[in-house]
2 protein chains.
Amino acid sequence: MEASRPGEFELIARYFAPLAARFPGAAGLKNDVAVLSVPPGYELAVKTDTIVAGMHFLPNDPADTIAKKALRVNLSDLAAAGSAPLAYQMALSLPKDWTEAWMGQFVDGLADDQKIFGVHLCGGDTVATPGPLTVSITAFGLAAIGQAMGRSGAKPGDDIWVTGTIGDAQLGLALLQSGLEPLSDAARTYLVDRYRVPQPRLSLAHHLFTTARATIDVSDGLAADLGHICTASGVGAVIEAGAVPLSQPARELVGRDPSLLASLLTGGDDYEILLTASNDMRNAIDILARQLGFPITRIGRIVAGNAVNVMRFGTRLGLERPGFRHF
Amino acid sequence: MEASRPGEFELIARYFAPLAARFPGAAGLKNDVAVLSVPPGYELAVKTDTIVAGMHFLPNDPADTIAKKALRVNLSDLAAAGSAPLAYQMALSLPKDWTEAWMGQFVDGLADDQKIFGVHLCGGDTVATPGPLTVSITAFGLAAIGQAMGRSGAKPGDDIWVTGTIGDAQLGLALLQSGLEPLSDAARTYLVDRYRVPQPRLSLAHHLFTTARATIDVSDGLAADLGHICTASGVGAVIEAGAVPLSQPARELVGRDPSLLASLLTGGDDYEILLTASNDMRNAIDILARQLGFPITRIGRIVAGNAVNVMRFGTRLGLERPGFRHF
């Protein structure tokens, strides 16, 4: 079985080169380097994220969802930075027990997402590892010069907004780990899918420069990522827990167990965009949300100081865990 | 002990942010993305290489040499592509037993190399792994538009040249693994250092476009990498084993055991530049080698066909192992 598996060069030719076929700078993955052309007036936004089996996804997650997650966590950052995805490099550390069926499904996941997001594999490296499957992607996006967004522009008085809904991925993971009572099949499928396959908000990206002051994607958890904006901007923040947008399945679960709410605000893996904006942008953002077809919800405001406070019924909500810690 | 170790954000602030301090597009590693500006008239050469403990370096190699190897294997590709290094992203998968002393030495290795090569950390990701230490670097270099070099330009009649000496790293690894009789301390140190700390030939990079037709860095092994050029160019090659440049310690070891020679041509990890050039470039390349201060040695020629033949005393040398296989 193992002897019949393709070696590195066959692996590149059979599985990876087709993913690079439409990106001329990849030269069919036949050169040592990829060549990226950045059009005049643009800069390159660059992001690297690594996902490790058992840490960032479950080892038995379907291979296509692992591939999609590896790519999308990076595209989410490109979106929050206001950039449009161009290409990516993939460093794949493969345990020895990989199969061709698994690899085919993994590559199908990437191929799907390349069509959806208009992005191309341009290079990478594949190595054998005695450790767990590890996928490290470095993604490239284009941003007009000086218009890439970051964490440091928030000002006291800004509104705080977040796209989509928060906490679904956390609940999806808990369902997979059987730590929660089952819901309906549809609700379970929805939440698990939110854990496995993030939805990067790329359609919002090119509106951020004219709309927002500070942006970040919610990966470590809403409270922690808001904390990153506050640290970088030298400000504090107050959010109203009741205003944080929850999906219908999340609302049901919080209805059964209200203590869940705090964990949703710190759980992470949401891959929504958190942004601050001057409060004269409220109408513009409401109109934008309708145009884009997903909610953008106002959940609080930036204040002087350096603390992030989450309020609930007029009192400060204690958060046990300020966000995902990588160590 | 473990409880007192820094978490992810302290790790970034204390160890990694200083490596990014002089690269404005890194924004002090405080944003989700780095921003790379490519000057008009240039393109970005991009390379990703991963090294895994126990596979590409020895787990007990000094931390600074692991860092240098991780960076330099990428810089070697940028050099072979004719580009000048600009910045890099680092994805670090850390086993749980890392120590601050180890991390300090690792970062010192990167800081040293940043000074030597004029390159800067611009971003990355650090994750915990139950597997071995894995360092995946994506490096960026600048090349004038249309002047990035690759594997596909070789033509029958071209000379084949290689920089430096071949086989040292392979012998250094064998010495570390005690598979070879010890040499003098100086020879041993030289060979081990060649295994642990490659010397990317960056000073040659900007001469390649005017001198060479096809280039590659020797990482999989001289014979295998020459094979990559032949495949991409649709040509064959003949090299003379006796012409392949060996260091004094390698010559001593081959003198003791002539059967070693074949393994040096396939061993890999050399990180020298292999190039083909029209034979009217012979004088120019000889002068260039004197200017740059390292040998560039003519070892064979490109021929019609698709085979790579290594000749020794007029007969074809059988190579047991065509090069490093990653699986």
# chains A, B, ... in the order shown; residues from 1 in each chain; ligands from 1
$ interface_residues --of "chain B" --to "chain A" --cutoff "7 Å" --atoms "only C-alpha atoms" --output "ChimeraX atom specification"
/B:7-8,30-38,43-50,52,77,81,89,91,124-125,127-132,136,150-151,216,232,325-327
$ select_by_dssp --residues "segment 186-301 of chain B" --states "strand (DSSP E or B)" --output "list in words"
Ala214, Thr215, Ile216, Asp217, Gly236, Ala237, Val238, Ile239, Glu240, Ile273, Leu274, Leu275, Thr276, Ala277, Ile296, Thr297, Arg298, Ile299, Gly300 and Arg301 of chain B
$ closest_atom_pairs --of "segment 158-240 of chain B" --to "segment 66-69 of chain B" --cutoff "10 Å" --atoms "only C-alpha atoms" --output "tab-separated table"
residue	atom	partner	partner_atom	distance
B:Tyr195	CA	B:Lys69	CA	8.8
B:Arg196	CA	B:Lys69	CA	6.3
B:Val197	CA	B:Lys69	CA	5.3
B:Pro198	CA	B:Lys69	CA	6.3
B:Gln199	CA	B:Lys69	CA	9.2
$ write_last_selection --atoms "N, CA and C atoms" --output "compact mmCIF listing (two decimals), in the first residue's frame"
# COMPACT_ATOMS: atom_id res chain seq x y z
N TYR B 195 26.87 21.08 7.33
CA TYR B 195 25.56 20.44 7.46
C TYR B 195 24.57 21.35 8.17
N ARG B 196 25.06 21.97 9.25
CA ARG B 196 24.13 22.72 10.09
C ARG B 196 23.81 24.11 9.55
N VAL B 197 24.79 24.74 8.93
CA VAL B 197 24.63 26.16 8.56
C VAL B 197 25.01 26.36 7.09
N PRO B 198 24.03 26.19 6.20
CA PRO B 198 24.31 26.40 4.77
C PRO B 198 24.77 27.84 4.49
N GLN B 199 25.50 27.98 3.39
CA GLN B 199 25.98 29.31 2.98
C GLN B 199 25.31 29.70 1.67
$ closest_residue --among "B:Ile296, B:Ser233, B:Arg256, B:Leu226" --to "Val308 of chain B" --atoms "only C-alpha atoms"
B:Leu226
$ residues_around --residues "Gly236 of chain B" --least-positions-apart "5" --cutoff "10 Å" --atoms "only C-alpha atoms" --output "ChimeraX atom specification"
/B:154-156,226-227,229-231,301-309
$ residues_around --residues "Pro249 of chain B" --least-positions-apart "3" --cutoff "9 Å" --atoms "only C-alpha atoms" --output "JSON, numbers by chain"
{"B": [168, 183, 184, 187, 188, 190, 191, 246, 252, 253, 254]}
$ write_last_selection --atoms "C-alpha atoms" --output "short mmCIF file (atom, residue, chain, number, x, y, z; two decimals), in the first residue's frame"
data_model
loop_
_atom_site.label_atom_id
_atom_site.label_comp_id
_atom_site.auth_asym_id
_atom_site.auth_seq_id
_atom_site.Cartn_x
_atom_site.Cartn_y
_atom_site.Cartn_z
CA ASP B 168 30.30 18.39 2.78
CA LEU B 183 38.94 13.21 11.04
CA SER B 184 40.90 16.01 12.63
CA ALA B 187 37.90 18.94 9.48
CA ARG B 188 35.07 17.57 11.59
CA TYR B 190 34.12 22.26 9.06
CA LEU B 191 31.93 19.42 7.76
CA LEU B 246 35.27 18.67 -3.11
CA GLU B 252 40.55 12.98 2.43
CA LEU B 253 37.49 10.87 3.20
CA VAL B 254 36.99 9.89 -0.43
#
